[in-house]
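Asker: Have a peek at input_10.pdb (PDB, C-alpha atoms).
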ATOM      1  CA  MET A  62      52.776 178.896  63.181
ATOM      2  CA  THR A  63      55.428 176.225  63.620
ATOM      3  CA  GLY A  64      59.106 175.993  62.822
ATOM      4  CA  ARG A  65      60.718 173.730  60.278
ATOM      5  CA  PHE A  66      60.596 170.837  62.745
ATOM      6  CA  GLY A  67      57.093 171.603  63.963
ATOM      7  CA  TYR A  68      58.106 173.386  67.167
ATOM      8  CA  GLY A  69      57.176 176.941  68.166
ATOM      9  CA  ASN A  70      57.850 180.117  66.218
ATOM     10  CA  PRO A  71      61.610 180.328  65.706
ATOM     11  CA  ALA A  72      61.555 183.702  63.927
ATOM     12  CA  GLU A  73      59.956 185.280  66.995
ATOM     13  CA  ASP A  74      61.799 183.243  69.599
ATOM     14  CA  LEU A  75      65.224 183.851  68.074
ATOM     15  CA  LEU A  76      64.840 187.567  68.661
ATOM     16  CA  ASP A  77      63.954 187.200  72.314
ATOM     17  CA  LEU A  78      67.039 187.473  74.507
ATOM     18  CA  GLY A  79      65.177 188.311  77.666
ATOM     19  CA  GLU A  80      62.469 187.221  80.047
ATOM     20  CA  LYS A  81      60.472 184.971  77.722
ATOM     21  CA  ARG A  82      63.516 182.893  76.861
ATOM     22  CA  ILE A  83      64.571 182.736  80.499
ATOM     23  CA  ALA A  84      61.069 181.648  81.512
ATOM     24  CA  GLU A  85      61.306 178.744  79.062
ATOM     25  CA  MET A  86      64.736 177.875  80.428
ATOM     26  CA  ASP A  87      63.329 177.859  83.956
ATOM     27  CA  ALA A  88      60.425 175.659  82.923
ATOM     28  CA  ALA A  89      62.846 173.125  81.405
ATOM     29  CA  GLY A  90      65.307 173.302  84.298
ATOM     30  CA  ILE A  91      68.109 174.818  82.196
ATOM     31  CA  ASP A  92      70.442 177.233  83.968
ATOM     32  CA  VAL A  93      72.576 178.615  81.132
ATOM     33  CA  GLN A  94      72.312 179.006  77.379
ATOM     34  CA  VAL A  95      75.356 179.704  75.213
ATOM     35  CA  LEU A  96      73.946 181.747  72.343
ATOM     36  CA  SER A  97      75.005 182.223  68.730
ATOM     37  CA  LEU A  98      73.836 183.783  65.470
ATOM     38  CA  THR A  99      71.536 181.407  63.619
ATOM     39  CA  ASP A 100      72.089 179.898  60.185
ATOM     40  CA  PRO A 101      73.129 181.108  57.602
ATOM     41  CA  SER A 102      75.179 183.560  59.687
ATOM     42  CA  VAL A 103      77.849 185.404  57.656
ATOM     43  CA  GLN A 104      79.726 182.683  55.780
ATOM     44  CA  GLN A 105      78.004 183.299  52.454
ATOM     45  CA  LEU A 106      78.571 187.086  52.456
ATOM     46  CA  ASP A 107      81.440 188.984  50.905
ATOM     47  CA  ALA A 108      84.161 190.042  53.307
ATOM     48  CA  ASP A 109      83.026 193.606  54.001
ATOM     49  CA  ALA A 110      79.401 192.649  54.618
ATOM     50  CA  ALA A 111      80.457 189.674  56.745
ATOM     51  CA  VAL A 112      82.686 191.832  58.943
ATOM     52  CA  ASP A 113      79.982 194.454  59.481
ATOM     53  CA  LEU A 114      77.243 191.942  60.311
ATOM     54  CA  ALA A 115      79.500 189.872  62.569
ATOM     55  CA  ARG A 116      80.450 192.893  64.640
ATOM     56  CA  GLU A 117      76.839 194.040  64.868
ATOM     57  CA  ALA A 118      75.627 190.585  65.900
ATOM     58  CA  ASN A 119      78.408 190.159  68.442
ATOM     59  CA  ASP A 120      77.790 193.526  70.058
ATOM     60  CA  TYR A 121      74.050 192.819  70.189
ATOM     61  CA  LEU A 122      74.671 189.483  71.884
ATOM     62  CA  ALA A 123      77.206 191.012  74.265
ATOM     63  CA  ASP A 124      74.511 193.419  75.477
ATOM     64  CA  ALA A 125      72.183 190.510  76.257
ATOM     65  CA  VAL A 126      74.921 188.604  78.080
ATOM     66  CA  ARG A 127      75.707 191.725  80.087
ATOM     67  CA  LEU A 128      72.065 192.007  81.162
ATOM     68  CA  TYR A 129      71.802 188.334  82.180
ATOM     69  CA  PRO A 130      75.351 187.196  82.967
ATOM     70  CA  GLN A 131      74.214 184.242  85.076
ATOM     71  CA  ARG A 132      71.908 182.885  82.365
ATOM     72  CA  PHE A 133      73.520 183.704  78.996
ATOM     73  CA  ALA A 134      76.953 183.295  77.448
ATOM     74  CA  GLY A 135      78.017 183.820  73.849
ATOM     75  CA  PHE A 136      79.845 182.398  70.872
ATOM     76  CA  ALA A 137      81.393 185.005  68.591
ATOM     77  CA  THR A 138      80.197 185.173  64.993
ATOM     78  CA  LEU A 139      83.314 185.057  62.820
ATOM     79  CA  PRO A 140      83.564 186.691  59.364
ATOM     80  CA  THR A 141      85.647 183.901  57.861
ATOM     81  CA  ALA A 142      85.955 185.626  54.482
ATOM     82  CA  ALA A 143      88.404 187.976  56.217
ATOM     83  CA  PRO A 144      90.437 185.568  58.398
ATOM     84  CA  ASP A 145      92.762 188.083  60.073
ATOM     85  CA  ILE A 146      89.804 190.287  60.999
ATOM     86  CA  ALA A 147      87.867 187.213  62.144
ATOM     87  CA  ALA A 148      90.745 186.230  64.413
ATOM     88  CA  ASP A 149      90.850 189.727  65.900
ATOM     89  CA  GLU A 150      87.071 189.685  66.346
ATOM     90  CA  LEU A 151      87.293 186.383  68.195
ATOM     91  CA  GLU A 152      89.923 187.834  70.503
ATOM     92  CA  ARG A 153      87.883 191.007  71.066
ATOM     93  CA  MET A 154      84.786 189.084  72.063
ATOM     94  CA  VAL A 155      86.671 186.615  74.272
ATOM     95  CA  LYS A 156      88.844 189.132  76.081
ATOM     96  CA  GLU A 157      86.492 192.104  76.288
ATOM     97  CA  HIS A 158      83.131 190.361  76.612
ATOM     98  CA  GLY A 159      83.921 186.927  78.005
ATOM     99  CA  PHE A 160      82.612 184.987  75.003
ATOM    100  CA  LYS A 161      83.281 181.261  75.075
ATOM    101  CA  GLY A 162      84.475 180.549  71.531
ATOM    102  CA  GLY A 163      83.824 181.172  67.870
ATOM    103  CA  TRP A 164      80.862 180.215  65.707
ATOM    104  CA  ILE A 165      81.205 179.279  62.025
ATOM    105  CA  ASN A 166      78.288 178.220  59.858
ATOM    106  CA  GLY A 167      79.923 175.742  57.543
ATOM    107  CA  HIS A 168      81.822 176.451  54.367
ATOM    108  CA  THR A 169      82.680 179.955  53.201
ATOM    109  CA  ARG A 170      81.297 180.112  49.667
ATOM    110  CA  GLY A 171      82.467 176.582  48.984
ATOM    111  CA  CYS A 172      85.801 176.836  50.821
ATOM    112  CA  TYR A 173      86.544 174.912  54.040
ATOM    113  CA  LEU A 174      88.656 175.501  57.109
ATOM    114  CA  ASP A 175      91.347 173.072  55.965
ATOM    115  CA  ASP A 176      92.395 175.785  53.479
ATOM    116  CA  LYS A 177      95.346 177.543  55.082
ATOM    117  CA  PHE A 178      93.743 180.838  54.097
ATOM    118  CA  PHE A 179      91.574 180.366  57.197
ATOM    119  CA  TRP A 180      94.271 179.198  59.572
ATOM    120  CA  PRO A 181      94.757 182.583  61.286
ATOM    121  CA  ILE A 182      91.366 181.823  62.873
ATOM    122  CA  LEU A 183      92.475 178.373  64.015
ATOM    123  CA  GLU A 184      95.740 179.758  65.344
ATOM    124  CA  ARG A 185      93.990 182.460  67.356
ATOM    125  CA  ALA A 186      91.418 180.073  68.812
ATOM    126  CA  ASP A 187      94.267 177.786  69.825
ATOM    127  CA  ALA A 188      96.149 180.666  71.440
ATOM    128  CA  LEU A 189      93.038 181.853  73.293
ATOM    129  CA  LYS A 190      92.226 178.274  74.341
ATOM    130  CA  VAL A 191      88.625 178.550  73.143
ATOM    131  CA  PRO A 192      86.756 176.152  70.830
ATOM    132  CA  LEU A 193      85.370 176.779  67.384
ATOM    133  CA  CYS A 194      81.836 175.559  66.732
ATOM    134  CA  ILE A 195      80.984 174.388  63.220
ATOM    135  CA  HIS A 196      77.267 174.527  62.496
ATOM    136  CA  PRO A 197      75.698 173.010  59.380
ATOM    137  CA  THR A 198      74.855 175.109  56.371
ATOM    138  CA  PRO A 199      73.455 174.013  52.994
ATOM    139  CA  PRO A 200      76.002 172.360  50.714
ATOM    140  CA  PRO A 201      77.441 174.398  47.839
ATOM    141  CA  ALA A 202      74.970 174.889  44.998
ATOM    142  CA  PRO A 203      76.668 172.400  42.618
ATOM    143  CA  VAL A 204      76.434 169.705  45.284
ATOM    144  CA  ILE A 205      72.745 170.401  45.824
ATOM    145  CA  GLU A 206      72.171 170.252  42.074
ATOM    146  CA  THR A 207      74.047 166.968  41.673
ATOM    147  CA  TYR A 208      73.017 165.108  44.813
ATOM    148  CA  TYR A 209      69.672 166.487  45.902
ATOM    149  CA  SER A 210      67.734 167.832  42.907
ATOM    150  CA  GLY A 211      65.119 166.049  40.828
ATOM    151  CA  PHE A 212      62.404 166.047  43.488
ATOM    152  CA  SER A 213      59.756 168.492  44.570
ATOM    153  CA  PRO A 214      61.176 171.727  46.023
ATOM    154  CA  GLU A 215      60.056 170.614  49.485
ATOM    155  CA  VAL A 216      61.854 167.271  49.229
ATOM    156  CA  THR A 217      65.018 168.819  47.792
ATOM    157  CA  PHE A 218      65.015 171.419  50.559
ATOM    158  CA  GLY A 219      64.632 168.868  53.340
ATOM    159  CA  LEU A 220      67.010 166.313  51.825
ATOM    160  CA  SER A 221      69.774 168.850  51.191
ATOM    161  CA  ARG A 222      69.415 170.503  54.583
ATOM    162  CA  HIS A 223      68.049 169.277  57.895
ATOM    163  CA  GLY A 224      66.957 165.849  56.612
ATOM    164  CA  TRP A 225      70.410 164.786  55.460
ATOM    165  CA  GLY A 226      72.628 167.115  53.474
ATOM    166  CA  TRP A 227      73.837 169.622  55.969
ATOM    167  CA  HIS A 228      74.752 166.907  58.479
ATOM    168  CA  ILE A 229      76.912 165.181  55.869
ATOM    169  CA  GLU A 230      78.267 168.570  54.823
ATOM    170  CA  THR A 231      79.457 169.209  58.375
ATOM    171  CA  ALA A 232      80.947 165.731  58.646
ATOM    172  CA  VAL A 233      82.916 166.353  55.463
ATOM    173  CA  HIS A 234      84.061 169.709  56.848
ATOM    174  CA  VAL A 235      85.429 168.047  59.979
ATOM    175  CA  LEU A 236      87.174 165.343  57.960
ATOM    176  CA  ARG A 237      88.752 167.978  55.732
ATOM    177  CA  LEU A 238      90.110 169.712  58.838
ATOM    178  CA  ILE A 239      91.617 166.449  60.043
ATOM    179  CA  LEU A 240      93.010 165.339  56.693
ATOM    180  CA  GLY A 241      94.342 168.825  56.000
ATOM    181  CA  GLY A 242      96.566 168.542  59.057
ATOM    182  CA  ALA A 243      94.910 171.241  61.136
ATOM    183  CA  PHE A 244      95.118 169.234  64.356
ATOM    184  CA  ASP A 245      98.701 168.186  63.741
ATOM    185  CA  ARG A 246      99.519 171.885  63.418
ATOM    186  CA  PHE A 247      97.291 172.886  66.367
ATOM    187  CA  PRO A 248      97.063 169.744  68.532
ATOM    188  CA  ASP A 249      95.212 171.460  71.385
ATOM    189  CA  LEU A 250      92.567 173.059  69.157
ATOM    190  CA  GLN A 251      89.026 171.947  69.991
ATOM    191  CA  ILE A 252      85.966 172.118  67.781
ATOM    192  CA  VAL A 253      82.324 171.503  68.628
ATOM    193  CA  ILE A 254      79.783 169.948  66.309
ATOM    194  CA  GLY A 255      76.151 169.153  66.960
ATOM    195  CA  HIS A 256      73.502 166.560  66.152
ATOM    196  CA  LEU A 257      75.339 163.827  68.071
ATOM    197  CA  GLY A 258      78.260 163.916  65.676
ATOM    198  CA  GLU A 259      76.731 164.476  62.224
ATOM    199  CA  ALA A 260      76.970 160.696  61.490
ATOM    200  CA  LEU A 261      80.749 160.623  62.078
ATOM    201  CA  PRO A 262      80.678 158.265  65.104
ATOM    202  CA  PHE A 263      79.011 155.552  63.037
ATOM    203  CA  MET A 264      81.866 155.767  60.509
ATOM    204  CA  MET A 265      84.846 155.920  62.886
ATOM    205  CA  PRO A 266      86.034 152.303  62.444
ATOM    206  CA  ARG A 267      85.612 152.537  58.682
ATOM    207  CA  LEU A 268      87.492 155.838  58.534
ATOM    208  CA  ASP A 269      90.455 154.313  60.338
ATOM    209  CA  LYS A 270      90.429 151.330  57.999
ATOM    210  CA  GLY A 271      89.969 153.284  54.778
ATOM    211  CA  LEU A 272      92.168 156.258  55.697
ATOM    212  CA  SER A 273      95.090 154.712  57.544
ATOM    213  CA  THR A 274      98.085 156.795  58.548
ATOM    214  CA  ASN A 275      99.990 155.140  55.678
ATOM    215  CA  VAL A 276      97.566 156.903  53.364
ATOM    216  CA  THR A 277      96.968 160.169  55.203
ATOM    217  CA  LYS A 278     100.527 160.721  56.494
ATOM    218  CA  LEU A 279      98.970 162.201  59.632
ATOM    219  CA  GLU A 280     100.469 161.765  63.069
ATOM    220  CA  HIS A 281      97.464 159.783  64.342
ATOM    221  CA  PRO A 282      94.552 157.714  63.024
ATOM    222  CA  VAL A 283      91.533 159.733  61.938
ATOM    223  CA  ALA A 284      89.364 158.479  64.811
ATOM    224  CA  ASP A 285      91.931 159.702  67.336
ATOM    225  CA  TYR A 286      91.304 163.278  66.247
ATOM    226  CA  LEU A 287      87.557 162.680  66.446
ATOM    227  CA  ARG A 288      88.025 161.538  70.046
ATOM    228  CA  GLU A 289      90.587 164.135  71.150
ATOM    229  CA  ASN A 290      89.839 167.342  69.196
ATOM    230  CA  VAL A 291      86.050 167.242  68.815
ATOM    231  CA  TYR A 292      83.170 167.718  71.250
ATOM    232  CA  TYR A 293      79.656 166.614  70.342
ATOM    233  CA  SER A 294      76.361 168.201  71.404
ATOM    234  CA  PHE A 295      72.755 166.984  71.250
ATOM    235  CA  SER A 296      71.336 169.812  69.094
ATOM    236  CA  GLY A 297      67.830 168.410  69.053
ATOM    237  CA  PHE A 298      68.936 164.861  68.251
ATOM    238  CA  ASN A 299      66.982 163.266  71.058
ATOM    239  CA  PHE A 300      67.488 159.762  69.704
ATOM    240  CA  THR A 301      68.709 157.086  72.122
ATOM    241  CA  GLN A 302      70.243 154.747  69.537
ATOM    242  CA  THR A 303      72.238 157.588  67.978
ATOM    243  CA  PHE A 304      73.381 158.751  71.386
ATOM    244  CA  LEU A 305      74.538 155.275  72.370
ATOM    245  CA  ASN A 306      76.621 154.935  69.222
ATOM    246  CA  LEU A 307      78.365 158.235  70.016
ATOM    247  CA  TYR A 308      78.748 157.297  73.680
ATOM    248  CA  LEU A 309      80.370 153.976  72.821
ATOM    249  CA  GLN A 310      82.742 155.593  70.342
ATOM    250  CA  VAL A 311      83.945 158.670  72.252
ATOM    251  CA  GLY A 312      82.837 158.276  75.874
ATOM    252  CA  ALA A 313      80.971 160.637  78.166
ATOM    253  CA  ASP A 314      83.759 163.215  78.396
ATOM    254  CA  ARG A 315      83.193 164.387  74.826
ATOM    255  CA  ILE A 316      79.401 164.810  74.812
ATOM    256  CA  MET A 317      77.530 167.973  75.814
ATOM    257  CA  PHE A 318      73.872 168.661  76.414
ATOM    258  CA  SER A 319      72.201 171.217  74.143
ATOM    259  CA  ALA A 320      68.631 171.840  73.076
ATOM    260  CA  ASP A 321      68.808 173.547  69.638
ATOM    261  CA  TYR A 322      66.298 176.112  70.869
ATOM    262  CA  PRO A 323      64.133 177.525  69.352
ATOM    263  CA  TYR A 324      64.114 174.894  66.622
ATOM    264  CA  SER A 325      63.590 172.158  69.195
ATOM    265  CA  SER A 326      62.029 172.043  72.645
ATOM    266  CA  MET A 327      64.181 172.651  75.708
ATOM    267  CA  ALA A 328      61.791 170.561  77.779
ATOM    268  CA  GLU A 329      62.071 167.602  75.404
ATOM    269  CA  ALA A 330      65.862 167.859  75.429
ATOM    270  CA  ARG A 331      65.894 167.889  79.224
ATOM    271  CA  THR A 332      63.617 164.842  79.377
ATOM    272  CA  PHE A 333      65.892 163.032  76.940
ATOM    273  CA  LEU A 334      68.889 163.870  79.106
ATOM    274  CA  GLU A 335      67.215 162.582  82.252
ATOM    275  CA  ASN A 336      66.317 159.283  80.578
ATOM    276  CA  LEU A 337      69.747 158.495  79.126
ATOM    277  CA  PRO A 338      70.841 154.941  80.014
ATOM    278  CA  VAL A 339      74.158 156.020  81.568
ATOM    279  CA  SER A 340      75.493 156.414  85.084
ATOM    280  CA  ARG A 341      74.711 159.493  87.161
ATOM    281  CA  ALA A 342      78.379 160.518  86.972
ATOM    282  CA  ASP A 343      78.373 160.349  83.179
ATOM    283  CA  LYS A 344      75.041 162.142  83.030
ATOM    284  CA  ASN A 345      76.478 164.984  85.098
ATOM    285  CA  ARG A 346      79.453 165.248  82.758
ATOM    286  CA  ILE A 347      77.135 165.424  79.775
ATOM    287  CA  ALA A 348      74.647 167.786  81.415
ATOM    288  CA  HIS A 349      77.135 170.421  82.541
ATOM    289  CA  GLY A 350      80.586 169.198  83.527
ATOM    290  CA  ASN A 351      82.083 168.960  80.066
ATOM    291  CA  ALA A 352      80.749 172.370  79.037
ATOM    292  CA  GLU A 353      82.026 173.917  82.253
ATOM    293  CA  ARG A 354      85.484 172.559  81.535
ATOM    294  CA  LEU A 355      85.628 173.351  77.814
ATOM    295  CA  LEU A 356      83.942 176.761  77.960
ATOM    296  CA  ARG A 357      85.222 177.745  81.398
ATOM    297  CA  LEU A 358      81.684 178.474  82.556
TER
END
Please go through the file and, once you have read it, give me the structure as structure tokens.

Answerer:
Amino acid sequence: MTGRFGYGNPAEDLLDLGEKRIAEMDAAGIDVQVLSLTDPSVQQLDADAAVDLAREANDYLADAVRLYPQRFAGFATLPTAAPDIAADELERMVKEHGFKGGWINGHTRGCYLDDKFFWPILERADALKVPLCIHPTPPPAPVIETYYSGFSPEVTFGLSRHGWGWHIETAVHVLRLILGGAFDRFPDLQIVIGHLGEALPFMMPRLDKGLSTNVTKLEHPVADYLRENVYYSFSGFNFTQTFLNLYLQVGADRIMFSADYPYSSMAEARTFLENLPVSRADKNRIAHGNAERLLRL
């Protein structure tokens, strides 16, 4: 059996938070994994169900981190449908269990983090000095119907999700945060996105041209926020051309190694890292230095 990208058995591997996972880390030369609840997480649940599942998932992960504190760290699952509770849950996991930030799987039933309804979460992350990670999730159903339907179910699934749609969905989410003024309100807030930037680096010059500060009324150009408030991880995007575009746009200090395990191979990610056409100093920043600084590892 293979996963959606042809690698391994994710359903089985996701559940392993012990020796098998650590053995694969050792084989790939990876010292630490920062773990999170996989997609779709809790963002599409009603508030009560989201709160219950988030707490259960966080406590489960905290037990694994406690067993292997030198090998595992955690991101807290946040029940965004209940923002005040989500903020408290983030603080609980950071202060009591040493978690490194919060994990949000995209929109919350079609609503995005630029909505001030969610800003208690942003405010708490800013106060705790921990990042929020935004992972892709499928676009809202009307978007899928309008943009991605009309093909076979397999094509619609791939086009609307890992082939295209959820990367663009995440890019839109980040732009909404910027344009909604979140980083003017919380200038030190940091977010993390994967897949070498979800196509945003390619569009940075165009965004600054098409969304100038005269139009947005923001304190800075859009690309400034993408360079100063966003970190970018590999997440299985082991593509040199895509990496180089990100590298040229944001520099080595904003890029972090990750493997997207178990959906992608840790060994392949490590090989990609070793072969990057950058200096040893920049490679060290990307491999571990930036994560150590941001996540206080």

Asker: Quick one, how far is atom CA of Leu114 of chain A from atom CA of Leu76 of chain A?

Answerer: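 These atoms are spaced 15.6 Å apart.
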
Asker: Using the chain letters and numbering of this document, enumerate as a list of chain:residue names the residues selected by the PyMOL selection byres ((chain A and resi 191-197) around 7).

Answerer: A:Lys161, A:Gly162, A:Gly163, A:Trp164, A:Ile165, A:Asn166, A:Gly167, A:Ala186, A:Asp187, A:Leu189, A:Lys190, A:Thr198, A:Pro199, A:Trp227, A:His228, A:Glu230, A:Thr231, A:Leu250, A:Gln251, A:Ile252, A:Val253, A:Ile254, A:Leu356

Asker: Nearest to Gly79 of chain A: which of A:Ala330, A:Leu128, A:Met154, A:Ile229 is it, counting all atoms listed in the file?

Answerer: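 Nearest to Gly79 of chain A: A:Leu128.
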
Asker: Please provide the set of residues having any atom within 12 Å of Val126 of chain A, restricted to all atoms listed in the file, with same-chain residues fewer than 2 positions apart removed, written as a tab-separated table (two decimals) with C-alpha atoms, keeping the file's coordinate frame.

Answerer:
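Resulting contents of selection-v1.tsv:
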chain	number	residue	atom	x	y	z
A	78	LEU	CA	67.04	187.47	74.51
A	79	GLY	CA	65.18	188.31	77.67
A	93	VAL	CA	72.58	178.62	81.13
A	94	GLN	CA	72.31	179.01	77.38
A	95	VAL	CA	75.36	179.70	75.21
A	96	LEU	CA	73.95	181.75	72.34
A	97	SER	CA	75.00	182.22	68.73
A	119	ASN	CA	78.41	190.16	68.44
A	120	ASP	CA	77.79	193.53	70.06
A	121	TYR	CA	74.05	192.82	70.19
A	122	LEU	CA	74.67	189.48	71.88
A	123	ALA	CA	77.21	191.01	74.26
A	124	ASP	CA	74.51	193.42	75.48
A	128	LEU	CA	72.06	192.01	81.16
A	129	TYR	CA	71.80	188.33	82.18
A	130	PRO	CA	75.35	187.20	82.97
A	131	GLN	CA	74.21	184.24	85.08
A	132	ARG	CA	71.91	182.88	82.36
A	133	PHE	CA	73.52	183.70	79.00
A	134	ALA	CA	76.95	183.30	77.45
A	135	GLY	CA	78.02	183.82	73.85
A	136	PHE	CA	79.84	182.40	70.87
A	154	MET	CA	84.79	189.08	72.06
A	158	HIS	CA	83.13	190.36	76.61
A	159	GLY	CA	83.92	186.93	78.00
A	160	PHE	CA	82.61	184.99	75.00
A	161	LYS	CA	83.28	181.26	75.08

Asker: Out of A:Arg237, A:Ala89, A:Leu334, A:Arg357, which residue has the shortest atom-to-atom distance to Val155 of chain A when counting all atoms listed in the file?

Answerer: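 Looking at the shortest contact to Val155 of chain A, the residue is A:Arg357.
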
Asker: Evaluating the PyMOL selection byres ((chain A and resi 300) around 12) on the displayed file yields which residues, as a list of chain:residue names?

Answerer: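 Applied to this file, the PyMOL selection byres ((chain A and resi 300) around 12) selects A:His256, A:Leu257, A:Phe295, A:Ser296, A:Gly297, A:Phe298, A:Asn299, A:Thr301, A:Gln302, A:Thr303, A:Phe304, A:Leu305, A:Asn306, A:Leu307, A:Glu329, A:Ala330, A:Thr332, A:Phe333, A:Leu334, A:Asn336, A:Leu337, A:Pro338.
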
Asker: Save the residues we just selected, C-alpha atoms, as an mmCIF file, in the coordinates of the input?

Answerer:
data_model
loop_
_atom_site.group_PDB
_atom_site.id
_atom_site.type_symbol
_atom_site.label_atom_id
_atom_site.label_comp_id
_atom_site.auth_asym_id
_atom_site.auth_seq_id
_atom_site.Cartn_x
_atom_site.Cartn_y
_atom_site.Cartn_z
ATOM 1 C CA HIS A 256 73.502 166.560 66.152
ATOM 2 C CA LEU A 257 75.339 163.827 68.071
ATOM 3 C CA PHE A 295 72.755 166.984 71.250
ATOM 4 C CA SER A 296 71.336 169.812 69.094
ATOM 5 C CA GLY A 297 67.830 168.410 69.053
ATOM 6 C CA PHE A 298 68.936 164.861 68.251
ATOM 7 C CA ASN A 299 66.982 163.266 71.058
ATOM 8 C CA THR A 301 68.709 157.086 72.122
ATOM 9 C CA GLN A 302 70.243 154.747 69.537
ATOM 10 C CA THR A 303 72.238 157.588 67.978
ATOM 11 C CA PHE A 304 73.381 158.751 71.386
ATOM 12 C CA LEU A 305 74.538 155.275 72.370
ATOM 13 C CA ASN A 306 76.621 154.935 69.222
ATOM 14 C CA LEU A 307 78.365 158.235 70.016
ATOM 15 C CA GLU A 329 62.071 167.602 75.404
ATOM 16 C CA ALA A 330 65.862 167.859 75.429
ATOM 17 C CA THR A 332 63.617 164.842 79.377
ATOM 18 C CA PHE A 333 65.892 163.032 76.940
ATOM 19 C CA LEU A 334 68.889 163.870 79.106
ATOM 20 C CA ASN A 336 66.317 159.283 80.578
ATOM 21 C CA LEU A 337 69.747 158.495 79.126
ATOM 22 C CA PRO A 338 70.841 154.941 80.014
#

Asker: Between atom CA of Arg116 of chain A and atom CA of Ile83 of chain A, what distance in Å does the model show, to one decimal?

Answerer: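 Between these atoms lies a distance of 24.6 Å.
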
Asker: Evaluate the PyMOL selection byres ((chain A and resi 248) around 9) and record the selected residues as a VMD selection string, following the chain and residue labels used in the document.

Answerer: chain A and resid 187 243 to 247 249 to 251 286 289 to 290

Asker: Box in all listed atoms of segment 197-200 of chain A, axis-aligned, with 4 Å more on each side; write out centre and edge lengths in Å to one decimal as AutoDock Vina command-line options.

Answerer:
--center_x 74.7 --center_y 173.7 --center_z 55.0 --size_x 10.5 --size_y 10.7 --size_z 16.7
